[in-house]
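Below is one structure, written out as structure tokens, with a few remarks after it.
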Amino acid sequence: MSHEVNDMRTRVIRSALWTLLALFLAAPAVAQTIRHEIFVSSPTLESGETMPRVYTPDGRNLSPPITWERLPAGTRELAVVCSDFGAGNPPPWVHWIIYGIPATATGLPEELPILPDTPMPPELAGAIQGLNGWRRPYYRGPAPPAGTPHLYHFTVYALDADLGLKPGLTREKLLRAIEGHIIGQGDLVPVYERF
Amino acid sequence: MTDQKRPQLISRRALLRRAGAASAAAAAGTAGVPEVAAFPMETAETTPAPTSETPQTTSPVGGHAAYEHLTAEEAELLEAIADQLIPADEVGPGALAAGAVVYIDRSLGGALADARDAYRGGLAAFDRYCRSSRGAPFRELSHVDQVSALIDVETGAATGAGTGFAGSSAAFFGMVRSHVLQGTFGDPYYGGNRDFVGWDLIKYPGVRTSVWPRLQTQLEAGDLAPNHRSAYDSENFEKAVVRATSRGTSHGD
């Protein structure tokens, strides 16, 4: 049993090191110094804890509910990106992008649309789902190789302007577009592993 | 969610645009068919695939298809998948009306015989995947869950929970999609595109061996009436001969 725990710990540490390395490599894209930390949470997810299957292709693959608090003054709109810095070539592999979220929103409900003709909930009017790593405009959950736990960064960005961003942005294009406008940021980092 | 509305994996118009090439490639070759390890359904029959030198010229079905190579369970699942890939909607009939699954079934006894195990294994794996991830067989899922499950198969994410896809589930999806396109938009000679519904859908007026100015003008204006003739109705085209035991496909043209 302790051997299994040690194995798990080693894998998590290895994954964390990859994450740090990937963050270092990705640094130029998010070079802006963020002073304000947003508190990001979820009714169903917790940092460091395993994501429920329902948010993965091992279940219904629904987008998870995310909530945020302590937005900085002057927030005009928000963006959320879910990234796995332990995957992708180059990392990260992007699972979800949503931007143009009204500053009045306090979170994202569970199960945002995957069908193109399904509207966003009213509280997210104007929000747009960008292109993930599969180049799809909706959430697709964790599908790591068996035996390797991966960390999933749900990052919330508070922006100081209504940027009028167009549909179809990738993470890279989104980060380029919001560079210089990020006035707050926060993360929720659950784990998922397949056996 | 919008369960009352037909889900579409791919924008139908985008699919039809891409399908133009498929209609031209009417002959169903086996090259590129991905390998998926056999994973028989518990109810699967072990019907030996008869060899056939020439595919069926017409679909024998009027209502429900009488399948020759797919089991009833396999055919039912494949019909549901095809119905999602090219659904009937306000634009026109879809893959089912075109007899795409009948085309696949017949071809599994001929040009697609090499894909028989891929279908048997892939359909069984897909069935297990739907049950383990969504808690029900594919046909019983809501529209949005059907779309979601197919996306996971298409993107190669449907590999967990011991579903048994050999390699990536994306290979199975790609194979099925390709054959559904062939069965919907290929020449009816090969058993699909029943009553030319696929060609009518993309406004393909049919093969013509000679075109004079008036026809050209009508074609460019979109007024050229479809002739509803198989390419092989013309004596200028010889019928393709496809042998299950041969990788090669020889065409008379």
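Going through the structure tokens in order, the chains are called A, B, and so on, while each chain numbers its residues from 1 and the ligands are numbered from 1 in the order shown.
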Please return as a ChimeraX atom specification: the residues of chain A that backbone DSSP assigns to strand (DSSP E or B). /A:37,39-41,50,66-69,77-84,93-102,107-108,128-129,150-151,153-159,182-188,191-192
Could you tell me which residues of chain A sit within 8 Å of chain B when counting only C-alpha atoms, and give me the result as an MDAnalysis selection string? chainID A and resid 57:61 113:115 118 134 143 194:195
With N, CA and C atoms retained, could you export that selection as a short mmCIF file (atom, residue, chain, number, x, y, z; two decimals), in the first residue's frame?
```cif
data_model
loop_
_atom_site.label_atom_id
_atom_site.label_comp_id
_atom_site.auth_asym_id
_atom_site.auth_seq_id
_atom_site.Cartn_x
_atom_site.Cartn_y
_atom_site.Cartn_z
N PRO A 57 -14.26 12.15 -20.55
CA PRO A 57 -14.87 11.21 -21.51
C PRO A 57 -15.13 9.83 -20.92
N ASP A 58 -14.69 9.58 -19.70
CA ASP A 58 -15.07 8.34 -19.02
C ASP A 58 -16.49 8.46 -18.45
N GLY A 59 -17.03 9.66 -18.48
CA GLY A 59 -18.41 9.92 -18.08
C GLY A 59 -19.09 10.72 -19.19
N ARG A 60 -19.99 11.61 -18.83
CA ARG A 60 -20.74 12.35 -19.86
C ARG A 60 -19.94 13.49 -20.48
N ASN A 61 -18.78 13.76 -19.92
CA ASN A 61 -17.90 14.80 -20.46
C ASN A 61 -18.56 16.18 -20.46
N PRO A 113 -23.01 24.56 -23.56
CA PRO A 113 -23.42 23.87 -24.80
C PRO A 113 -22.25 23.30 -25.60
N ILE A 114 -22.51 22.15 -26.24
CA ILE A 114 -21.58 21.65 -27.24
C ILE A 114 -22.21 21.69 -28.63
N LEU A 115 -23.51 21.91 -28.70
CA LEU A 115 -24.17 22.00 -30.01
C LEU A 115 -24.16 23.46 -30.46
N THR A 118 -27.15 25.81 -29.70
CA THR A 118 -27.65 25.96 -28.33
C THR A 118 -27.08 27.24 -27.72
N TRP A 134 -8.36 20.27 -29.69
CA TRP A 134 -8.94 19.50 -30.81
C TRP A 134 -9.53 20.43 -31.85
N ALA A 143 -8.37 13.26 -20.75
CA ALA A 143 -8.24 11.90 -21.28
C ALA A 143 -6.76 11.53 -21.28
N ARG A 194 -6.31 8.11 -15.36
CA ARG A 194 -7.01 6.91 -15.86
C ARG A 194 -6.22 5.67 -15.44
N PHE A 195 -6.93 4.62 -15.19
CA PHE A 195 -6.27 3.37 -14.76
C PHE A 195 -6.44 2.28 -15.81
#
```
Computed interatomic separation between CA of Pro65 in chain A and CA of Arg35 in chain A (Å): 25.3 Å
Can you list, as a PyMOL selection string, every protein, DNA or RNA residue that comes within 12 Å of Ile97 in chain A when you count only C-alpha atoms, leaving out same-chain residues fewer than 6 positions away? chain A and resi 63+78-83+108+112+127-141+153-157+167-175
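Atom to atom, CA of Leu85 in chain B and CA of Gly174 in chain B stand 11.4 Å apart.
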As number ranges by chain, please: every residue in chain A that a backbone DSSP assignment puts in alpha helix (DSSP H). A: 2-26, 171-178
Now that the selection is made, can you save its residues with C-alpha atoms as an mmCIF file, in the first residue's frame?
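Here's the written file result_35.cif:
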```cif
data_model
loop_
_atom_site.group_PDB
_atom_site.id
_atom_site.type_symbol
_atom_site.label_atom_id
_atom_site.label_comp_id
_atom_site.auth_asym_id
_atom_site.auth_seq_id
_atom_site.Cartn_x
_atom_site.Cartn_y
_atom_site.Cartn_z
ATOM 1 C CA SER A 2 2.731 2.465 0.961
ATOM 2 C CA HIS A 3 4.485 1.505 -2.257
ATOM 3 C CA GLU A 4 1.387 2.570 -4.183
ATOM 4 C CA VAL A 5 1.205 5.819 -2.249
ATOM 5 C CA ASN A 6 4.860 6.503 -2.990
ATOM 6 C CA ASP A 7 4.265 5.730 -6.654
ATOM 7 C CA MET A 8 1.329 8.106 -6.740
ATOM 8 C CA ARG A 9 3.340 10.791 -4.954
ATOM 9 C CA THR A 10 6.211 10.373 -7.402
ATOM 10 C CA ARG A 11 3.862 10.686 -10.350
ATOM 11 C CA VAL A 12 2.207 13.794 -8.949
ATOM 12 C CA ILE A 13 5.594 15.386 -8.234
ATOM 13 C CA ARG A 14 6.766 14.520 -11.736
ATOM 14 C CA SER A 15 3.620 15.991 -13.199
ATOM 15 C CA ALA A 16 4.049 19.132 -11.085
ATOM 16 C CA LEU A 17 7.630 19.527 -12.305
ATOM 17 C CA TRP A 18 6.451 19.257 -15.898
ATOM 18 C CA THR A 19 3.852 21.865 -15.110
ATOM 19 C CA LEU A 20 6.462 24.231 -13.708
ATOM 20 C CA LEU A 21 8.668 23.669 -16.721
ATOM 21 C CA ALA A 22 5.774 24.256 -19.076
ATOM 22 C CA LEU A 23 4.795 27.410 -17.204
ATOM 23 C CA PHE A 24 8.371 28.634 -17.524
ATOM 24 C CA LEU A 25 8.369 27.906 -21.251
ATOM 25 C CA ALA A 26 4.989 29.554 -21.662
ATOM 26 C CA ARG A 171 -5.407 29.889 -26.289
ATOM 27 C CA GLU A 172 -2.363 31.418 -27.914
ATOM 28 C CA LYS A 173 -4.406 34.000 -29.790
ATOM 29 C CA LEU A 174 -6.519 34.729 -26.742
ATOM 30 C CA LEU A 175 -3.480 35.325 -24.527
ATOM 31 C CA ARG A 176 -1.993 37.584 -27.172
ATOM 32 C CA ALA A 177 -5.249 39.516 -27.417
ATOM 33 C CA ILE A 178 -5.628 40.032 -23.676
#
```
Would you list the contacts of range 98-106 of chain B as a PyMOL selection string, taking every protein, DNA or RNA residue within 8 Å and counting only C-alpha atoms, but skipping same-chain residues closer than 3 positions in sequence? chain B and resi 55-56+59+65+67-70+75+78-79+82+93-95+109-110+112+179-184+190-198
Write a file of the just-selected residues containing C-alpha atoms, as a short mmCIF file (atom, residue, chain, number, x, y, z; two decimals), in the first residue's frame.
```
data_model
loop_
_atom_site.label_atom_id
_atom_site.label_comp_id
_atom_site.auth_asym_id
_atom_site.auth_seq_id
_atom_site.Cartn_x
_atom_site.Cartn_y
_atom_site.Cartn_z
CA PRO B 55 -21.16 -5.57 -55.78
CA GLN B 56 -24.92 -5.45 -55.73
CA SER B 59 -30.46 -2.18 -52.78
CA ALA B 65 -32.96 -3.41 -44.55
CA TYR B 67 -28.59 -7.16 -43.71
CA GLU B 68 -26.26 -9.85 -44.90
CA HIS B 69 -23.03 -9.27 -43.04
CA LEU B 70 -23.89 -7.12 -40.05
CA ALA B 75 -26.76 -2.79 -37.98
CA LEU B 78 -24.46 1.60 -37.24
CA GLU B 79 -27.76 3.03 -38.45
CA ALA B 82 -25.01 7.12 -39.64
CA PRO B 93 -32.88 13.12 -46.56
CA GLY B 94 -29.82 11.75 -44.80
CA ALA B 95 -27.59 8.71 -44.73
CA GLY B 109 -18.92 -9.04 -48.39
CA GLY B 110 -16.82 -7.56 -51.16
CA LEU B 112 -14.67 -3.83 -47.66
CA HIS B 179 -17.90 4.62 -45.50
CA VAL B 180 -21.07 6.52 -44.60
CA LEU B 181 -20.00 9.25 -47.02
CA GLN B 182 -19.34 6.65 -49.69
CA GLY B 183 -22.72 5.03 -49.08
CA THR B 184 -24.54 8.35 -49.24
CA TYR B 190 -22.35 0.16 -55.33
CA GLY B 191 -25.48 -0.22 -53.25
CA GLY B 192 -25.85 3.17 -51.57
CA ASN B 193 -27.17 6.56 -52.67
CA ARG B 194 -30.58 4.97 -53.00
CA ASP B 195 -32.79 6.73 -55.53
CA PHE B 196 -29.93 9.22 -56.01
CA VAL B 197 -30.87 11.04 -52.81
CA GLY B 198 -27.21 11.79 -52.06
#
```
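Across the structure, CA of Thr104 in chain A and CA of Ala161 in chain A are spaced 13.5 Å apart.
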Identify, on the basis of only C-alpha atoms, every residue whose closest approach to range 221-230 of chain B does not exceed 7 Å; exclude the query and any residue fewer than 6 positions from it along the same chain; express the result as a list in words. Asp187, Pro188, Tyr189, Phe196, Tyr204, Pro205, Gly206 and Leu215 of chain B
Contacts of Glu193 in chain A within 7 Å, only C-alpha atoms, excl. fewer than 6 positions in-chain, as a compact mmCIF listing (two decimals) with C-alpha atoms, in the first residue's frame:
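Okay, this is what ended up in around16.txt:
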```
# COMPACT_ATOMS: atom_id res chain seq x y z
CA PRO A 144 -4.68 11.31 -20.06
CA ALA A 146 -3.51 5.42 -18.26
CA GLY A 147 -1.31 5.44 -15.22
CA THR A 148 -0.24 9.08 -15.32
CA PRO A 149 -2.08 11.69 -13.24
CA HIS A 150 -2.41 15.02 -14.96
```
